>>> print(open('run_30.txt').read())   # compact mmCIF, C-alpha atoms
# COMPACT_ATOMS: atom_id res chain seq x y z
CA MET S 1 95.68 122.21 64.15
CA ARG S 2 92.56 122.48 61.97
CA ILE S 3 93.69 121.95 58.36
CA ALA S 4 91.88 122.27 55.02
CA ILE S 5 93.00 120.72 51.72
CA VAL S 6 92.39 122.34 48.33
CA ASN S 7 93.28 119.97 45.49
CA ASP S 8 91.43 118.48 42.53
CA VAL S 9 93.54 115.29 42.30
CA PRO S 10 92.18 112.47 44.52
CA MET S 11 95.60 110.81 44.84
CA ALA S 12 97.18 114.08 46.02
CA VAL S 13 94.35 114.59 48.54
CA GLU S 14 94.90 111.09 49.88
CA ALA S 15 98.67 111.69 50.13
CA LEU S 16 98.04 114.86 52.12
CA ARG S 17 95.49 113.14 54.37
CA ARG S 18 97.97 110.37 55.17
CA ALA S 19 100.80 112.83 55.82
CA VAL S 20 98.70 114.97 58.16
CA ALA S 21 97.50 111.83 60.00
CA TYR S 22 101.04 111.17 61.27
CA GLU S 23 100.46 113.98 63.76
CA PRO S 24 97.38 113.16 65.90
CA ALA S 25 96.96 116.80 66.96
CA HIS S 26 95.95 117.74 63.39
CA GLU S 27 92.51 117.27 61.87
CA ILE S 28 91.20 117.77 58.33
CA VAL S 29 88.17 120.06 58.59
CA TRP S 30 87.22 120.20 54.91
CA VAL S 31 88.46 119.40 51.41
CA ALA S 32 87.79 121.51 48.29
CA SER S 33 88.39 120.39 44.70
CA ASN S 34 88.91 123.90 43.28
CA GLY S 35 89.67 127.44 44.38
CA ALA S 36 86.09 128.72 44.13
CA GLU S 37 84.87 125.99 46.46
CA ALA S 38 87.72 126.79 48.84
CA VAL S 39 86.77 130.49 48.98
CA ARG S 40 83.17 129.52 49.84
CA LEU S 41 84.12 126.92 52.45
CA CYS S 42 86.68 129.22 54.06
CA ALA S 43 84.04 131.93 54.49
CA GLU S 44 81.85 129.38 56.31
CA ASN S 45 84.55 127.67 58.36
CA ILE S 46 87.99 129.30 58.60
CA PRO S 47 90.70 126.69 59.29
CA ASP S 48 94.03 127.32 60.97
CA LEU S 49 95.87 126.34 57.78
CA ILE S 50 95.05 125.65 54.14
CA LEU S 51 97.19 123.30 52.00
CA MET S 52 96.60 124.91 48.60
CA ASP S 53 97.26 123.38 45.19
CA LEU S 54 98.13 125.69 42.29
CA ILE S 55 96.64 124.19 39.11
CA MET S 56 92.91 123.51 39.45
CA PRO S 57 89.74 123.94 37.35
CA ILE S 58 87.29 126.85 37.80
CA MET S 59 89.67 128.87 40.01
CA ASP S 60 93.39 128.21 40.47
CA GLY S 61 95.37 128.40 43.71
CA VAL S 62 96.77 131.87 43.01
CA GLU S 63 93.34 133.51 42.66
CA ALA S 64 91.97 131.46 45.55
CA THR S 65 94.83 132.66 47.76
CA ARG S 66 94.14 136.27 46.75
CA ARG S 67 90.43 135.94 47.49
CA ILE S 68 90.85 134.13 50.79
CA MET S 69 93.47 136.56 52.11
CA ALA S 70 91.17 139.46 51.20
CA GLU S 71 87.92 137.97 52.55
CA SER S 72 88.68 135.27 55.16
CA PRO S 73 92.41 135.47 55.90
CA CYS S 74 94.21 132.47 57.34
CA ALA S 75 97.56 130.71 56.97
CA ILE S 76 98.12 129.18 53.51
CA VAL S 77 100.91 126.87 52.35
CA ILE S 78 101.21 126.12 48.64
CA VAL S 79 101.55 122.39 47.90
CA THR S 80 102.68 121.62 44.35
CA ILE S 81 103.77 118.53 42.47
CA ASP S 82 105.91 120.39 39.89
CA ARG S 83 107.73 123.33 41.40
CA GLN S 84 109.91 124.02 38.38
CA GLN S 85 107.03 124.65 35.99
CA ASN S 86 104.98 126.50 38.60
CA VAL S 87 107.66 128.78 40.03
CA HIS S 88 106.05 132.02 38.81
CA ARG S 89 102.67 130.98 40.17
CA VAL S 90 104.28 130.12 43.50
CA PHE S 91 105.73 133.61 43.88
CA GLU S 92 102.49 135.20 42.72
CA ALA S 93 100.58 133.30 45.42
CA MET S 94 103.18 134.27 48.01
CA GLY S 95 102.73 137.86 46.88
CA TYR S 96 99.06 137.56 47.90
CA GLY S 97 99.98 136.22 51.33
CA ALA S 98 100.76 132.49 51.10
CA LEU S 99 103.34 131.74 53.75
CA ASP S 100 105.41 128.96 52.25
CA VAL S 101 105.58 126.22 49.62
CA VAL S 102 106.28 122.50 49.80
CA ASP S 103 106.25 119.51 47.45
CA THR S 104 103.24 117.18 47.48
CA PRO S 105 104.10 114.02 49.47
CA VAL S 106 104.43 110.90 47.30
CA LEU S 107 102.28 107.84 47.96
CA GLY S 108 103.76 104.37 47.73
CA GLY S 109 107.37 105.15 48.66
CA SER S 110 109.54 102.90 50.79
CA ASN S 111 109.28 105.27 53.77
CA PRO S 112 105.98 107.22 53.70
CA LYS S 113 106.64 108.89 57.05
CA GLU S 114 109.93 110.25 55.75
CA ALA S 115 108.14 111.53 52.63
CA ALA S 116 105.64 113.35 54.88
CA ALA S 117 108.33 114.96 57.05
CA PRO S 118 108.89 118.19 54.99
CA LEU S 119 105.15 118.94 55.01
CA LEU S 120 104.82 118.21 58.73
CA ARG S 121 107.77 120.51 59.42
CA LYS S 122 106.05 123.33 57.51
CA ILE S 123 102.85 122.73 59.48
CA LEU S 124 104.81 122.84 62.73
CA ASN S 125 106.33 126.18 61.69
CA ILE S 126 102.88 127.60 60.94
CA GLY S 127 101.67 126.43 64.34
CA TRP S 128 104.47 128.36 66.00
CA LEU S 129 103.67 131.45 63.95
CA ILE S 130 99.98 131.37 64.83
CA GLY S 131 100.64 131.15 68.56
CA GLN S 132 104.19 132.44 68.78
CA SER S 133 105.24 133.83 72.15
CA GLU S 134 107.43 136.84 72.78
CA LYS S 135 111.08 136.34 72.05
CA ARG S 136 113.78 136.89 74.60
CA VAL S 137 115.19 140.40 74.30
CA LYS S 138 118.70 140.17 72.93
CA THR S 139 121.60 142.53 73.14
CA VAL S 140 124.68 142.85 70.98
CA SER S 141 128.11 144.03 71.91
CA THR S 142 129.01 147.42 70.55
CA HIS S 143 131.84 147.59 68.03
CA PRO S 144 133.50 150.83 66.95
CA ARG S 145 132.17 151.94 63.56
CA VAL S 146 134.40 153.68 61.10
CA PRO S 147 132.30 155.42 58.40
CA GLY S 148 133.41 154.67 54.86
CA THR S 149 135.37 151.50 55.59
CA CYS S 150 132.72 149.33 53.93
CA VAL S 151 130.20 149.72 51.15
CA LYS S 152 126.74 150.87 52.10
CA LEU S 153 124.23 148.13 52.92
CA VAL S 154 120.47 147.63 52.73
CA ALA S 155 119.33 144.61 54.78
CA ILE S 156 115.79 143.52 53.85
CA GLY S 157 113.58 140.88 55.47
CA SER S 158 110.23 139.63 54.17
CA SER S 159 107.84 136.70 54.41
CA ALA S 160 104.18 136.27 53.36
CA GLY S 161 103.54 138.71 50.52
CA GLY S 162 107.27 139.27 50.24
CA PRO S 163 107.99 138.31 46.61
CA ALA S 164 105.53 140.89 45.25
CA ALA S 165 106.71 143.50 47.77
CA LEU S 166 110.36 142.90 46.87
CA GLU S 167 109.52 143.23 43.19
CA ILE S 168 107.94 146.65 43.78
CA LEU S 169 110.77 147.84 46.01
CA LEU S 170 113.59 146.71 43.71
CA LYS S 171 111.89 148.11 40.61
CA GLY S 172 111.80 151.48 42.36
CA LEU S 173 115.58 151.65 42.76
CA PRO S 174 117.62 153.31 40.02
CA LYS S 175 120.33 151.57 38.02
CA GLY S 176 123.63 152.16 39.74
CA PHE S 177 122.03 152.31 43.20
CA LYS S 178 124.92 153.05 45.54
CA ALA S 179 124.52 150.30 48.13
CA ALA S 180 124.78 146.55 48.47
CA ILE S 181 121.50 144.73 49.14
CA VAL S 182 121.00 141.47 51.04
CA LEU S 183 117.52 139.88 51.10
CA VAL S 184 116.23 137.32 53.58
CA GLN S 185 112.89 135.93 52.38
CA HIS S 186 111.10 133.01 54.03
CA VAL S 187 111.24 130.52 51.18
CA ASP S 188 112.46 126.93 51.01
CA GLN S 189 115.89 126.50 49.42
CA VAL S 190 114.44 124.50 46.51
CA PHE S 191 112.64 127.67 45.40
CA ALA S 192 115.34 130.21 46.25
CA ALA S 193 117.22 130.02 42.95
CA GLY S 194 113.97 130.37 41.02
CA MET S 195 113.02 133.39 43.09
CA ALA S 196 116.37 135.06 42.38
CA GLU S 197 115.92 134.45 38.64
CA TRP S 198 112.34 135.73 38.78
CA LEU S 199 113.34 138.95 40.57
CA SER S 200 116.24 139.47 38.15
CA SER S 201 114.05 139.15 35.07
CA SER S 202 111.12 141.14 36.41
CA CYS S 203 113.17 143.96 38.01
CA GLY S 204 115.99 144.19 35.47
CA ILE S 205 118.73 144.03 38.09
CA ASN S 206 121.33 141.47 39.14
CA VAL S 207 119.75 139.25 41.81
CA ARG S 208 121.49 136.01 42.73
CA LEU S 209 121.92 133.66 45.66
CA ALA S 210 124.43 134.71 48.31
CA ARG S 211 127.55 132.55 48.42
CA ASP S 212 129.22 131.44 51.61
CA GLY S 213 132.27 133.61 52.29
CA GLU S 214 131.49 136.49 49.90
CA THR S 215 131.23 140.17 50.78
CA PRO S 216 128.15 142.28 49.97
CA GLN S 217 128.95 144.54 47.03
CA GLN S 218 127.38 147.54 45.37
CA GLY S 219 125.23 146.76 42.34
CA VAL S 220 124.44 143.18 43.37
CA VAL S 221 121.33 141.97 45.22
CA LEU S 222 122.09 138.84 47.25
CA LEU S 223 119.30 136.51 48.35
CA ALA S 224 119.72 134.04 51.22
CA GLY S 225 119.58 130.73 49.40
CA THR S 226 119.63 127.78 51.81
CA ASN S 227 117.61 126.43 54.73
CA HIS S 228 120.41 127.57 57.04
CA HIS S 229 120.53 131.08 58.44
CA ILE S 230 122.71 133.71 56.84
CA ARG S 231 124.77 136.07 58.97
CA LEU S 232 127.43 138.73 58.62
CA LEU S 233 130.78 137.86 60.18
CA LYS S 234 133.23 140.19 61.90
CA ASN S 235 135.42 140.30 58.76
CA GLY S 236 132.50 141.57 56.67
CA THR S 237 131.78 138.33 54.79
CA LEU S 238 128.54 136.37 54.70
CA ALA S 239 128.24 132.87 56.09
CA TYR S 240 125.53 130.23 56.29
CA THR S 241 125.05 128.60 59.69
CA ALA S 242 122.75 126.00 61.23
CA GLU S 243 122.80 127.87 64.54
CA PRO S 244 120.60 128.85 66.27
CA VAL S 245 118.69 125.61 65.75
CA ASN S 246 115.60 126.81 67.67
CA GLU S 247 114.63 129.54 65.19
CA ILE S 248 111.36 128.42 63.59
CA TYR S 249 112.12 129.96 60.20
CA ARG S 250 115.22 129.17 58.22
CA PRO S 251 116.62 131.49 57.11
CA SER S 252 115.81 133.79 60.02
CA ILE S 253 115.58 137.53 59.45
CA ASP S 254 116.38 138.17 63.11
CA VAL S 255 119.66 136.24 62.83
CA PHE S 256 120.79 138.33 59.87
CA PHE S 257 119.68 141.71 61.25
CA GLU S 258 121.36 140.95 64.58
CA SER S 259 124.65 140.15 62.83
CA VAL S 260 124.44 143.43 60.89
CA ALA S 261 123.86 145.31 64.15
CA GLN S 262 126.88 143.61 65.63
CA TYR S 263 129.44 143.73 62.85
CA TRP S 264 128.61 146.14 60.01
CA ASN S 265 131.11 149.01 59.99
CA GLY S 266 129.64 151.24 57.30
CA GLU S 267 126.28 152.87 56.68
CA ALA S 268 123.26 150.57 56.67
CA VAL S 269 119.47 150.59 56.54
CA GLY S 270 117.26 147.77 57.82
CA VAL S 271 113.92 147.20 56.07
CA LEU S 272 111.22 144.85 57.36
CA LEU S 273 108.42 144.05 54.92
CA THR S 274 105.13 142.13 54.95
CA GLY S 275 104.93 138.78 56.74
CA MET S 276 103.21 136.70 59.40
CA GLY S 277 104.72 136.33 62.86
CA ARG S 278 107.49 138.33 64.54
CA ASP S 279 110.69 137.35 62.74
CA GLY S 280 112.88 140.41 62.11
CA ALA S 281 111.29 142.70 64.70
CA GLN S 282 113.88 142.15 67.42
CA GLY S 283 116.78 142.25 64.94
CA LEU S 284 115.47 145.51 63.50
CA LYS S 285 115.37 146.96 67.01
CA LEU S 286 119.00 145.99 67.57
CA MET S 287 119.93 147.73 64.32
CA ARG S 288 118.12 150.86 65.52
CA GLN S 289 119.92 150.70 68.86
CA GLN S 290 123.22 150.65 66.99
CA GLY S 291 122.33 153.88 65.18
CA PHE S 292 121.16 152.52 61.83
CA LEU S 293 118.07 153.79 60.02
CA THR S 294 115.29 151.20 60.27
CA ILE S 295 112.11 151.10 58.17
CA ALA S 296 108.99 148.95 58.55
CA GLN S 297 106.26 148.61 55.92
CA ASP S 298 102.93 150.16 56.93
CA GLN S 299 99.71 148.23 57.52
CA GLN S 300 97.80 149.45 54.48
CA SER S 301 100.40 148.28 51.96
CA SER S 302 101.25 144.99 53.73
CA SER S 303 99.70 141.76 52.47
CA VAL S 304 100.10 140.36 55.98
CA TYR S 305 100.66 142.92 58.73
CA GLY S 306 102.48 140.67 61.18
CA MET S 307 106.24 141.24 61.19
CA PRO S 308 106.06 145.01 60.56
CA LYS S 309 103.37 145.30 63.23
CA ALA S 310 105.61 143.47 65.70
CA ALA S 311 108.45 145.86 64.85
CA ALA S 312 106.21 148.90 65.35
CA ALA S 313 104.99 147.53 68.69
CA ILE S 314 108.51 147.43 70.15
CA ASP S 315 109.58 150.73 68.57
CA ALA S 316 112.09 149.00 66.30
CA ALA S 317 111.38 151.17 63.25
CA VAL S 318 112.63 154.73 62.95
CA GLU S 319 110.18 155.14 60.06
CA ILE S 320 106.95 153.34 59.08
CA ARG S 321 106.31 153.77 55.39
CA PRO S 322 104.02 152.53 52.60
CA LEU S 323 105.78 150.07 50.32
CA GLY S 324 105.73 152.47 47.37
CA SER S 325 107.83 155.07 49.19
CA ILE S 326 110.58 152.84 50.58
CA ALA S 327 112.71 152.76 47.41
CA SER S 328 112.68 156.56 47.12
CA ARG S 329 113.65 156.83 50.79
CA LEU S 330 116.61 154.50 50.23
CA GLN S 331 117.63 156.61 47.26
CA GLU S 332 117.53 159.71 49.49
CA VAL S 333 119.82 158.01 51.99
CA PHE S 334 122.29 156.38 49.60
CA GLY S 335 121.87 158.34 46.37
CA LYS S 336 124.15 161.17 47.38
>>> encode(input="run_30.txt", output="structure tokens")
Amino acid sequence: MRIAIVNDVPMAVEALRRAVAYEPAHEIVWVASNGAEAVRLCAENIPDLILMDLIMPIMDGVEATRRIMAESPCAIVIVTIDRQQNVHRVFEAMGYGALDVVDTPVLGGSNPKEAAAPLLRKILNIGWLIGQSEKRVKTVSTHPRVPGTCVKLVAIGSSAGGPAALEILLKGLPKGFKAAIVLVQHVDQVFAAGMAEWLSSSCGINVRLARDGETPQQGVVLLAGTNHHIRLLKNGTLAYTAEPVNEIYRPSIDVFFESVAQYWNGEAVGVLLTGMGRDGAQGLKLMRQQGFLTIAQDQQSSSVYGMPKAAAAIDAAVEIRPLGSIASRLQEVFGK
């Protein structure tokens, strides 16, 4: 994979170079010391992936991500040395289309290859997304559905551009919205709690991490919070699971949507938002096949029109809507 590094700290650049060098198939095509230089270099030579720092002189990583995704779009992973202090910037960059975030590898440790492993795993995931093949078509067994036996559910999946899209969608819902909400966003577990807090404070609603064994409930927004998948069980509770191990993103939107299609006994709506790749498309189709309303974000309002496009291509979405109209549509369905 052709990789670019954007970072103004020489030691961090060297750490990234050494980490990338553990995989011979990767090459560093250019290095930029600030966001403005990265925008210029990307216009001249678009890499497969950019490892983007956040805090830099002249132009920071958030603005550079925005400019690159608008002018010379490519895969971007945020690499930061202090995730706690930069959490808001991380989600802002992801709102502009950054795919993921990872800690900067540390030089001088006892096991440098082990320190490089999280970054190399992210790069591997991006490689799969860029050239991802069609997934096997899945089916789910049909279970009798008894209306009214469970609370109403909105199942939402998002990836690149997702934090900003989720903020807009959740802000559009009224207080006392009459459905439970479960979110699956592609974000590493070390950032999940910060994302839940950020959404809570910015949207003015109760967003928290989903707990193993709990049941979705009205008035609470639950966010998948580990690097395992989250799924609905037959008894209506949520559970984290390592299986299937071959899913490239953890948590997988497909895994959750498929479990909703299989086991949810009440009313439900599936919503697939902005993101790169195909995760969620097949699960959304299974929800549609089970009679649930399914909605995909439209191209114009998507930061990255990958997952919703994949859903539209296989006729998984009953409705394709601009982001700004999805909350009002959910209110129409569940606000009775």
>>> residues_around(input="run_30.txt", residues="Val9 in chain S", least_positions_apart="2", cutoff="12 Å", atoms="all atoms listed in the file", output="list in words")
Ile5, Val6, Asn7, Met11, Ala12, Val13, Glu14, Ala15, Leu16, Val31, Ala32, Ser33, Asn34, Met52, Asp53, Leu54, Ile55, Met56, Pro57, Thr80, Ile81 and Thr104 of chain S
>>> residues_around(input="run_30.txt", residues="range 168-171 of chain S", least_positions_apart="5", cutoff="10 Å", atoms="all atoms listed in the file", output="list in words")
Gly162, Pro163, Ile181, Leu199, Ser200, Ser202, Cys203, Gly204, Ile205, Val207, Val221, Leu273, Leu323, Gly324, Ser325, Ile326, Ala327, Ser328 and Leu330 of chain S
>>> atom_distance(input="run_30.txt", atom1="CA of Val184 in chain S", atom2="CA of Trp198 in chain S")
15.4 Å
>>> residues_around(input="run_30.txt", residues="Ala70 in chain S", least_positions_apart="3", cutoff="9 Å", atoms="only C-alpha atoms", output="JSON, numbers by chain")
{"S": [65, 66, 67, 73, 96, 303]}
>>> closest_residue(input="run_30.txt", among="S:Ile126, S:Ile230, S:Met307, S:Leu284", to="Val101 in chain S", atoms="all atoms listed in the file")
S:Ile126
>>> atom_distance(input="run_30.txt", atom1="CA of Gln262 in chain S", atom2="CA of Arg288 in chain S")
11.4 Å
>>> axis_aligned_box(input="run_30.txt", around="range 175-178 of chain S", padding_each_side="4 Å", output="lines of an AutoDock Vina configuration file")
center_x = 122.6
center_y = 152.3
center_z = 41.8
size_x = 12.6
size_y = 9.5
size_z = 15.5
>>> residues_around(input="run_30.txt", residues="Ala116 in chain S", least_positions_apart="3", cutoff="10 Å", atoms="all atoms listed in the file", output="VMD selection string")
chain S and resid 15 to 16 18 to 22 103 to 107 111 to 113 119 to 121
>>> residues_around(input="run_30.txt", residues="range 249-255 of chain S", least_positions_apart="2", cutoff="10 Å", atoms="only C-alpha atoms", output="count of residues only")
48
>>> atom_distance(input="run_30.txt", atom1="CA of Ala64 in chain S", atom2="CA of Asp298 in chain S")
24.5 Å
>>> closest_residue(input="run_30.txt", among="S:Arg40, S:Gly172, S:Asp100, S:Phe191", to="His88 in chain S", atoms="all atoms listed in the file")
S:Phe191
